[in-house]
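Engineer: Structure in structure tokens, see below.
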Amino acid sequence: MNFDFSDDQKLLKEQVRKFLADKCPAKVVRRVLDGPETHADDVWKGLVDLGVPGIGIPEEYGGSGLSPLEVCVVAEEIGRAAAPVPFDTSVVLATEALKLAGSDAQKKKWLPELASGKAIGTLAIAEGPQPPKPRNIRTMFGGGRLNGRKVPVTDGEAATFAIVLANTGGTGDRAVSLVLVDLKQAAVAKKRVDTIDPTRKHAELTFKDATAELLGGEGEGWRMLERLYDAAAVYFAFAQVGGAEAAMWMARDYALQRQAFGRAIGSYQAIKHKLADCYVKLELARSNAYYGAMMLSEGGADLAVAAAAARIAATEAYDFAAKENIQTHGGIGFTWEADTQFHYRRSRLMALSIGGPMAWKDKLVSRLEQKNAA
Amino acid sequence: MDFNDTAEEAAFRKEVRTWLEANATRKSDDKQSFRARNDDPELLKKAKEWQDKKAKAGYARITWPKEFGGRGGSPILQVIYQQEEANYLVPLGFFDIGLGMCIPTMMAYAKPEQLTRYVKPALHGQEVWCQLFSEPAAGSDVAGIRTRAERDGDGPDAGWVINGQKVWTSGAHYCDFGIVITRTDPNVPKHAGLTMFFLDMKTPGVEVRPIKQMSGGANFNEVFFTDVRIPDSQRLGKVGEGWKAALTTLMNERLAVGLPSGGLDIDELMELARDTDLDDGPAIRNQQVRGKIADWYVQQQGLKLTRYRTLTALSKGQTPGPESSIIKIVAAPKMQDMGAFAMELMGHAGIMKEDVPHAAGFQAQWIAGAGFRIAGGTDEILRNIVAERVLGLPADIRVDKDIAFNKLGKAS
């Protein structure tokens, strides 16, 4: 039985943890929350120097060719720090999409740029307040031109390129394709949008005859997106576990220090049991995330089920820890000055950005049905 | 990452399989169990025979030192044995408390000649032990027990007279010996006035009465002590240090982490949801039903994988982290809630204990779940333990800690 990370992987995790504790403390998250910058570029550059963006990229494309397990341990630390950097977008979504669906030429062009930090990639799926489906995507791609509007796009302003879900004229699930578009062109307009998590900036992207190219086969977009989301669900789960753990300890530290009715509030069972529940959900999430990582790294047949379970457990753990952290803090936790808001905001962003818990639960049961039928 | 055995573990597993195959019957499916009714005297006889066989082959207590009949093996080997044994139709559950808790306490406190006398018969299943801790007025707060032990005469060698009542004593009706925690000094605060003994359950004045549980079973007992006289040589630990001895007992919980939980679970629930016709079609197509199935699957899977994390630490010879402390907190309410939900899917007939799917297994789990949430640490006490030992939050304020036991609950 070897259901744990290796010593080398733990060492990498510790290294990233130390770096972020040093270079990305709460005041950096706050700087991005309050300021105009798209992301904490100083932290991002430091992560690039550590080689973080290239960890999961094969050596032939300029990365270090490590396994998904290394990306997982880093994701947990990014989540713990609530780091305002394009990790989820560039390192997870764009990199994985290219690895999954990119032609050799596309990989040769973009993966080395992602690995070296020269490029930041993102994914542009949503078109306003409606869960995206093949039948409601209005952005059109044809004849090498992209037209339409995507909102919200995480890191839409900072990104060099985007992978866009666009209608390519087919029917049913085959109506949509993934399209790669360079954002450094006049045919792309970027506008910042206000969101519940300003520590991660979002934009509306408008394409007017923008030059773009297919990523993967025409009509394959929805199928590719599902596979991309399975991988992303595992990495996100680690980031959510890291965030949940940070929020839990923040609440615990405050509960030890805050006195009410003559004693520390952490001595009351109402608080103790709430925080024990945070721990229970956290450990369920961690165990499910580990299995997702294992399936991802060995390309296991159980990935579809494991990824959904990891996603559901981690979303619940992070949501719960983040909101009960504020509740444990009481009034001070609801002030702009308090750091409790970082995890509250990030937990909801992460819960929604690749599909919410309701959709994943439905997906999980469908996959269990398929597995049982097989 | 992998779920594979090390070379040593694989070799041991193979050895165990070969031995089990030669000595026991393999289960036809994993729901088959011998555990269900351990108040059956025939079953006890078979369990004793099986235990003796195991002990002779060196599998009865793998982690114990060789001098006590063990093989000095690592905890992971004990787990592997239990995993393999779970695939065979053998009677289990009678010796867990004795060998897992009572005898280790004896090893810590009893005299060498007493160990020579008691350990081997316990290991071979010839003598069964019980643990006499809980009382009607002392459940979660077990240090609040009232059973008295008083000196029987003067002098340092004087024996003891025990009077009082224990409750929820598993297996007392078939046990030969027990360890008992008593109050020897009511004039000091509660933890300071306790002393531990062991005794023969046939000592005059010991009376065992089975408790019929809400589930209909009767595995537990009330045990009454009326002027029970025992020699001082049966004392375990110093007078007044019974709490310390009790903690030794409670720390020696059996290594159950590697065992599948058994019982009905997600597969059976999904099957039921497929077969249930709701207004909008099969229940499995209903989003509320799917949401619940997903939540319980994530819990079921989370518990299994959490056990694997603990086993990983054991396999590497490390001390496991505190993650396994979540298992009963999750498993017990899940058992109760999933039972209730499965019953709801059956409609009014969900109340029936016959002619319903899985031989009314969901109904049984709904009933049993109510007890499982209490036995061996309530949901609430387990959350306190997580909060205090894992998260480092303060213990409850003990309003009774500096007050003599006999002054508690009285107006000051």
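How things are named: the first chain in the structure tokens is A, the next is B, and so on; residues count from 1 in each chain; ligands count from 1 in the order shown.
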Do me a favour and pick out the residues of chain B within 6 Å of chain A, using only C-alpha atoms, as a list in words.

Structural biologist: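 Using only C-alpha atoms, chain B residues at most 6 Å from chain A: Met1, Asp2, Phe3, Asn4, Asp5, Gly291, Ala294, Val298, Gly302, Leu305, Thr306, Arg309, Thr312, Ile326, Arg383, Val386, Ala387, Leu393, Pro394 and Asp396 of chain B.
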
Engineer: Mind listing the strand (DSSP E or B) residues of range 45-160 of chain A, per DSSP on the backbone, as JSON, numbers by chain?

Structural biologist: {"A": [121, 122, 123, 124, 127, 140, 141, 142, 145, 146, 147, 148, 149, 150, 151, 152, 153, 154]}

Engineer: So, with only C-alpha atoms as the atoms that count, which of B:Ile103, B:Val208, B:Ala273, B:Ile403 lies closest to Ser170 in chain B?

Structural biologist: B:Val208

Engineer: Please give the complete set of residues from range 5-208 of chain A that DSSP, run on the backbone, assigns to alpha helix (DSSP H), formatted as a PyMOL selection string.

Structural biologist: chain A and resi 7-23+26-34+41-49+68-81+95-101+104-115

Engineer: Write out as an MDAnalysis selection string each polymer residue whose atoms come within 12 Å of range 146-162 of chain B, counting only C-alpha atoms; drop sequence neighbours fewer than 6 positions from it.

Structural biologist: chainID B and resid 132:139 180:186 190:191 193:199 203:206 223:235 239:240 242 405:406 408

Engineer: Within 7 Å of Leu165 in chain A, counting only C-alpha atoms, which residues show up once you throw out same-chain ones fewer than 4 positions away? Write them as a PyMOL selection string, please.

Structural biologist: chain A and resi 124-125+176-179+221

Engineer: Please indicate the distance in Å from CA of Met101 in chain B to CA of Ser140 in chain B, rounded to one decimal place.

Structural biologist: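 A separation of 17.9 Å between them.
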
Engineer: Could you pull the residues within 12 Å of Glu15 in chain B, counting only C-alpha atoms, minus those fewer than 5 positions along the same chain, as number ranges by chain?

Structural biologist: B: 8-10, 20-22, 57-59, 77, 80-81, 84

Engineer: Put those residues in a file: C-alpha atoms, as a PDB file, in the first residue's frame.

Structural biologist:
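As a result, part05.pdb now contains:
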```pdb
ATOM      1  CA  GLU B   8       7.197  -8.883   2.415  1.00  0.00           C
ATOM      2  CA  GLU B   9       3.487  -8.077   2.625  1.00  0.00           C
ATOM      3  CA  ALA B  10       2.714 -10.024  -0.542  1.00  0.00           C
ATOM      4  CA  LEU B  20      -7.131 -19.883   5.286  1.00  0.00           C
ATOM      5  CA  GLU B  21      -7.934 -21.862   2.152  1.00  0.00           C
ATOM      6  CA  ALA B  22      -6.878 -25.052   3.916  1.00  0.00           C
ATOM      7  CA  ALA B  57      -0.943 -21.252  13.591  1.00  0.00           C
ATOM      8  CA  GLY B  58       0.425 -17.995  15.005  1.00  0.00           C
ATOM      9  CA  TYR B  59      -2.221 -15.692  13.513  1.00  0.00           C
ATOM     10  CA  LEU B  77       0.668  -7.720   8.854  1.00  0.00           C
ATOM     11  CA  ILE B  80      -3.418  -8.037   6.064  1.00  0.00           C
ATOM     12  CA  TYR B  81      -4.433 -11.080   8.062  1.00  0.00           C
ATOM     13  CA  GLU B  84      -7.880 -11.970   4.152  1.00  0.00           C
TER      14      GLU B  84
END
```

Engineer: Which is closest to Ala115 in chain A among A:Pro129, A:Pro53, A:Pro134, A:Pro84, if we use only C-alpha atoms?

Structural biologist: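 Among the listed residues, the smallest separation from Ala115 in chain A belongs to A:Pro53.
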
Engineer: May I have the residues within 8 Å of Asp200 in chain B as a ChimeraX atom specification, using only C-alpha atoms and disregarding those fewer than 5 positions away in the same chain?

Structural biologist: /B:176-178

Engineer: By how many Å are CA of Gly292 in chain A and CA of Ala307 in chain A apart?

Structural biologist: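 Computing it gives 5.1 Å between the two atoms.
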
Engineer: Which value, in Å to one decimal, gives the distance between CA of Phe362 in chain B and CA of Arg290 in chain B?

Structural biologist: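 Atom-to-atom, CA of Phe362 in chain B to CA of Arg290 in chain B, that is 18.0 Å.
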
Engineer: Write out as a list in words which residues come within 12 Å of Thr248 in chain B when counting only C-alpha atoms, dropping same-chain ones fewer than 5 positions away.

Structural biologist: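 Near Thr248 in chain B, the qualifying residues are Gly100, Met101, Cys102, Ile103, Pro104, Thr105, Met106, Met107, Ala108, Tyr109, Met196, Leu236, Gly237, Glu241, Gly242, Trp243 and Glu253 of chain B.
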
Engineer: Restricting the output to C-alpha atoms, write the selected residues as a compact mmCIF listing (two decimals), in the first residue's frame.

Structural biologist:
```txt
# COMPACT_ATOMS: atom_id res chain seq x y z
CA GLY B 100 -7.49 -5.86 21.98
CA MET B 101 -8.11 -4.09 25.28
CA CYS B 102 -8.19 -6.27 28.42
CA ILE B 103 -5.12 -8.43 27.93
CA PRO B 104 -2.93 -5.47 26.86
CA THR B 105 -3.99 -3.78 30.10
CA MET B 106 -3.03 -6.95 31.97
CA MET B 107 0.33 -6.92 30.19
CA ALA B 108 0.90 -3.40 31.43
CA TYR B 109 -0.04 -4.04 35.07
CA MET B 196 -8.74 -0.98 38.29
CA LEU B 236 -4.16 -3.53 38.23
CA GLY B 237 -1.98 -0.52 38.90
CA GLU B 241 -4.45 5.29 39.50
CA GLY B 242 -7.32 3.51 37.81
CA TRP B 243 -7.83 6.33 35.33
CA GLU B 253 -8.13 -0.22 20.23
```
